[in-house]
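For reference, structure-v4.cif is printed below; it contains mmCIF, C-alpha atoms.
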data_target
#
loop_
_atom_site.label_atom_id
_atom_site.label_comp_id
_atom_site.auth_asym_id
_atom_site.auth_seq_id
_atom_site.Cartn_x
_atom_site.Cartn_y
_atom_site.Cartn_z
CA MET Y 1 76.85 150.25 80.33
CA LYS Y 2 77.06 150.92 76.65
CA ASN Y 3 75.72 149.08 73.63
CA ASN Y 4 74.53 145.83 75.12
CA GLU Y 5 77.59 145.27 77.33
CA VAL Y 6 77.33 143.69 80.73
CA ILE Y 7 79.94 144.07 83.43
CA VAL Y 8 80.67 140.78 85.09
CA HIS Y 9 81.86 140.89 88.68
CA LEU Y 10 83.63 137.78 89.82
CA GLN Y 11 84.86 137.60 93.34
CA MET Y 12 87.67 135.16 93.92
CA ARG Y 13 89.66 134.52 97.03
CA ARG Y 14 93.35 134.57 96.24
CA LYS Y 15 95.77 132.57 98.27
CA SER Y 16 98.44 134.97 99.34
CA TYR Y 17 100.14 136.11 102.47
CA ARG Y 18 97.72 139.06 102.63
CA LYS Y 19 94.62 136.83 102.59
CA GLU Y 20 92.48 139.45 100.94
CA ASN Y 21 89.63 139.16 98.51
CA THR Y 22 90.18 140.44 95.00
CA VAL Y 23 87.42 141.49 92.65
CA ILE Y 24 88.15 140.92 88.99
CA LYS Y 25 86.14 143.01 86.59
CA GLY Y 26 85.69 142.31 82.92
CA THR Y 27 83.28 143.06 80.16
CA VAL Y 28 81.29 140.60 78.13
CA LYS Y 29 78.93 141.43 75.31
CA ALA Y 30 75.35 140.42 75.96
CA SER Y 31 75.44 138.13 72.93
CA GLU Y 32 78.35 136.27 74.56
CA SER Y 33 76.83 136.04 77.99
CA ASN Y 34 76.32 132.41 78.90
CA SER Y 35 77.55 130.01 81.54
CA PHE Y 36 81.16 130.65 80.48
CA ALA Y 37 81.02 134.40 81.09
CA PRO Y 38 82.87 134.18 84.41
CA ILE Y 39 85.66 132.23 82.73
CA ARG Y 40 86.04 134.91 80.05
CA ALA Y 41 86.30 137.52 82.80
CA CYS Y 42 89.17 135.66 84.49
CA ARG Y 43 92.79 136.24 83.73
CA PRO Y 44 94.26 133.66 81.30
CA SER Y 45 96.57 132.29 83.99
CA GLN Y 46 93.56 131.45 86.16
CA VAL Y 47 91.86 129.57 83.32
CA VAL Y 48 95.03 127.60 82.61
CA SER Y 49 95.45 126.69 86.26
CA ALA Y 50 91.84 125.49 86.37
CA ARG Y 51 92.46 123.34 83.31
CA THR Y 52 95.66 121.97 84.84
CA TRP Y 53 93.79 121.16 88.04
CA LEU Y 54 91.05 119.38 86.05
CA ALA Y 55 93.60 117.35 84.08
CA GLY Y 56 95.32 116.32 87.31
CA LEU Y 57 92.01 115.30 88.83
CA LEU Y 58 91.16 113.14 85.82
CA ILE Y 59 94.51 111.37 86.02
CA LEU Y 60 93.95 110.64 89.70
CA LEU Y 61 90.48 109.30 89.00
CA LEU Y 62 91.86 106.96 86.38
CA GLY Y 63 94.11 105.51 89.03
CA PRO Y 64 97.81 104.76 89.26
CA ASN Y 65 97.73 102.77 86.04
CA ALA Y 66 96.26 105.56 83.94
CA PHE Y 67 98.87 105.07 81.26
CA ALA Y 68 99.32 101.34 81.64
CA GLN Y 69 97.48 98.68 79.76
CA THR Y 70 94.74 97.78 82.23
CA ASP Y 71 92.48 95.81 79.88
CA PHE Y 72 93.46 92.15 80.25
CA SER Y 73 91.63 90.99 77.12
CA ALA Y 74 93.70 93.35 74.94
CA PHE Y 75 96.88 92.20 76.70
CA TRP Y 76 95.93 88.53 76.29
CA LYS Y 77 95.22 88.93 72.59
CA LYS Y 78 98.62 90.54 72.01
CA PHE Y 79 100.50 88.13 74.31
CA SER Y 80 98.94 84.91 72.98
CA SER Y 81 99.40 86.07 69.36
CA ALA Y 82 103.08 86.75 70.06
CA VAL Y 83 103.56 83.29 71.63
CA ILE Y 84 101.74 81.57 68.74
CA ALA Y 85 103.87 83.49 66.21
CA GLY Y 86 107.07 82.79 68.18
CA GLU Y 87 107.84 86.49 68.64
CA LYS Y 88 110.24 86.04 71.53
CA ALA Y 89 111.23 89.71 71.91
CA THR Y 90 107.58 90.82 72.09
CA VAL Y 91 106.79 88.15 74.69
CA ALA Y 92 109.87 89.19 76.70
CA GLU Y 93 108.67 92.83 76.77
CA MET Y 94 105.36 91.62 78.21
CA THR Y 95 107.03 89.62 80.99
CA LYS Y 96 107.74 90.58 84.61
CA PHE Y 97 111.20 89.68 85.90
CA PRO Y 98 112.20 87.69 87.75
CA LEU Y 99 109.76 85.21 86.20
CA SER Y 100 108.52 82.65 88.72
CA MET Y 101 109.05 79.03 87.65
CA PRO Y 102 107.76 75.64 88.92
CA TYR Y 103 109.06 74.11 92.15
CA GLY Y 104 112.71 73.12 91.84
CA VAL Y 105 113.31 75.20 88.68
CA LYS Y 106 115.43 78.33 88.91
CA ALA Y 107 113.54 81.62 88.29
CA VAL Y 108 114.16 83.47 85.02
CA LYS Y 109 116.14 86.50 86.19
CA ASP Y 110 116.04 88.90 83.20
CA LYS Y 111 115.24 89.36 79.51
CA GLU Y 112 118.49 87.75 78.36
CA ASP Y 113 117.85 84.67 80.52
CA PHE Y 114 114.24 84.60 79.25
CA LEU Y 115 115.28 84.59 75.58
CA ARG Y 116 117.79 81.80 76.27
CA ARG Y 117 115.16 79.69 78.11
CA TYR Y 118 112.16 80.55 75.87
CA ASN Y 119 111.70 76.96 74.64
CA GLU Y 120 111.84 75.62 78.19
CA ILE Y 121 109.07 78.04 79.20
CA PHE Y 122 106.71 77.74 76.23
CA LYS Y 123 107.56 74.33 74.75
CA GLY Y 124 108.62 72.40 77.87
CA GLU Y 125 105.86 70.47 79.62
CA ALA Y 126 103.10 72.17 77.60
CA ASN Y 127 102.92 73.42 74.05
CA ALA Y 128 101.84 76.98 74.88
CA ALA Y 129 101.39 78.05 71.27
CA GLN Y 130 98.92 75.24 70.66
CA CYS Y 131 97.19 75.75 74.01
CA PHE Y 132 96.87 79.54 73.67
CA ARG Y 133 94.90 79.21 70.41
CA SER Y 134 91.83 78.11 72.37
CA ALA Y 135 92.67 78.78 76.02
CA GLU Y 136 90.29 80.88 78.10
CA PRO Y 137 92.02 82.93 80.81
CA GLN Y 138 90.50 82.53 84.26
CA LYS Y 139 90.18 85.60 86.46
CA GLU Y 140 91.53 84.88 89.93
CA SER Y 141 91.29 88.47 91.19
CA ALA Y 142 91.22 92.03 89.84
CA ARG Y 143 95.02 91.86 89.53
CA ARG Y 144 95.56 88.24 88.45
CA TYR Y 145 94.57 85.89 85.62
CA GLU Y 146 95.66 82.31 84.96
CA VAL Y 147 95.70 80.10 81.88
CA TYR Y 148 95.81 76.32 82.27
CA CYS Y 149 97.33 74.11 79.57
CA PRO Y 150 97.54 70.30 79.25
CA PHE Y 151 100.78 68.38 78.89
CA LYS Y 152 102.09 68.47 75.33
CA GLU Y 153 101.82 64.67 75.14
CA SER Y 154 98.04 64.93 75.65
CA PRO Y 155 97.01 68.28 74.11
CA ASP Y 156 93.31 67.38 73.90
CA ASP Y 157 93.02 66.48 77.60
CA LYS Y 158 91.34 69.69 78.75
CA GLU Y 159 90.20 68.04 82.02
CA ASN Y 160 93.81 67.48 83.07
CA ALA Y 161 95.57 70.80 82.42
CA PRO Y 162 98.15 71.22 85.19
CA ILE Y 163 100.49 73.73 83.53
CA ARG Y 164 99.56 77.19 84.78
CA PHE Y 165 100.64 80.45 83.15
CA ILE Y 166 100.19 83.34 85.60
CA PHE Y 167 99.54 86.98 84.64
CA GLU Y 168 99.56 89.94 87.04
CA LEU Y 169 98.62 93.59 86.83
CA THR Y 170 101.75 95.61 87.63
CA LYS Y 171 102.46 99.35 87.66
CA GLY Y 172 103.43 98.98 84.00
CA GLY Y 173 100.28 97.09 83.04
CA TRP Y 174 99.59 93.38 82.62
CA LYS Y 175 102.64 91.10 82.59
CA PHE Y 176 103.38 87.38 82.32
CA ALA Y 177 104.53 86.72 85.88
CA GLY Y 178 104.96 82.99 86.35
CA LEU Y 179 104.78 79.40 85.19
CA ASP Y 180 103.74 76.54 87.45
CA ASN Y 181 102.92 72.84 87.37
CA ILE Y 182 100.12 72.50 89.91
CA ASN Y 183 100.87 68.77 90.30
CA GLU Y 184 104.29 69.50 91.83
#
I need this file expressed as structure tokens, please.
Amino acid sequence: MKNNEVIVHLQMRRKSYRKENTVIKGTVKASESNSFAPIRACRPSQVVSARTWLAGLLILLLGPNAFAQTDFSAFWKKFSSAVIAGEKATVAEMTKFPLSMPYGVKAVKDKEDFLRRYNEIFKGEANAAQCFRSAEPQKESARRYEVYCPFKESPDDKENAPIRFIFELTKGGWKFAGLDNINE
């Protein structure tokens, strides 16, 4: 050793067809010796692969929806604001197709059909824009929320709110998934 240098010996088992142990030697100044000394002694490719492995592990821990919007309250704020403002295209992007409809009503098959039937969905039996201003979503499960609205003829009748808007957590995040009249 010369001038405060320490030789770090790091033994790593390499996966290869030879199945042999390889000793990697490197030098680290004593002033740099800390818990990261073995990392500095590794080849750069080994550090990168460790970082890649760690990033992959974090993504797995975050679950399959790591990049999806998993916070329902943030989704609800955006969705209800879009309905109140009449932003049909925004609401359509936040909708799962085909959209389930009440008994006897044909499902909404795609975005084009949704935009054509927007008033039927949000201004039909209930005035969704008015309801969503004060509605409190009810958690049915970890993957489902529901919002109940009264008939538009009796908007203050919170005790009788049979129009149900259904929201589900999908692979792409939270989506408006269905409309139902629980009295039918």
If you measure from atom CA of Glu93 of chain Y to atom CA of Arg143 of chain Y, what distance in Å do you get, rounded to one decimal?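 Computing it gives 18.7 Å between the two atoms.
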Could you give me, as a PyMOL selection string, the residues within 12 Å of Ser81 of chain Y, counting only C-alpha atoms and dropping anything in the same chain fewer than 5 positions from it? chain Y and resi 74-76+86-88+90-91+128-135
Please list as a VMD selection string every residue within 7 Å of Ser100 of chain Y, counting all atoms listed in the file and excluding residues in the same chain fewer than 6 positions away. chain Y and resid 107 to 108 177 to 179
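The residue that comes closest to Asp180 of chain Y, out of Y:Gly104, Y:Pro98, Y:Pro155, Y:Pro137 and on the basis of only C-alpha atoms, is Y:Gly104.
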Taking (107.2, 71.8, 92.6) in the file's coordinates, which residues come within 9 Å, counting only C-alpha atoms, written as a list in words?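 Collected hits near the coordinates: Met101, Pro102, Tyr103, Gly104, Val105, Asp180, Asn181, Ile182, Asn183 and Glu184 of chain Y.
You will find atom CA of Gly124 of chain Y at 25.0 Å from atom CA of Phe72 of chain Y.
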Give the answer as one residue: which of Y:Phe114, Y:Phe151, Y:Phe122, Y:Phe79 has the shortest atom-to-atom distance to Lys175 of chain Y, using all atoms listed in the file? Y:Phe79
Would you compute the distance between atom CA of Phe167 of chain Y and atom CA of Tyr145 of chain Y? Give it in Å to one decimal.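 Computed distance, atom CA of Phe167 of chain Y to atom CA of Tyr145 of chain Y, equals 5.2 Å.
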So what does the PyMOL selection byres ((chain Y and resi 160) around 12) actually pick up in this one, as a VMD selection string? chain Y and resid 126 148 to 159 161 to 164 181 to 183
Closest of Y:Glu168, Y:Lys78, Y:Val83, Y:Ser73 to Glu146 of chain Y - atom-to-atom distances counting all atoms listed in the file: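 Using all atoms listed in the file, Glu146 of chain Y sits closest to Y:Glu168.
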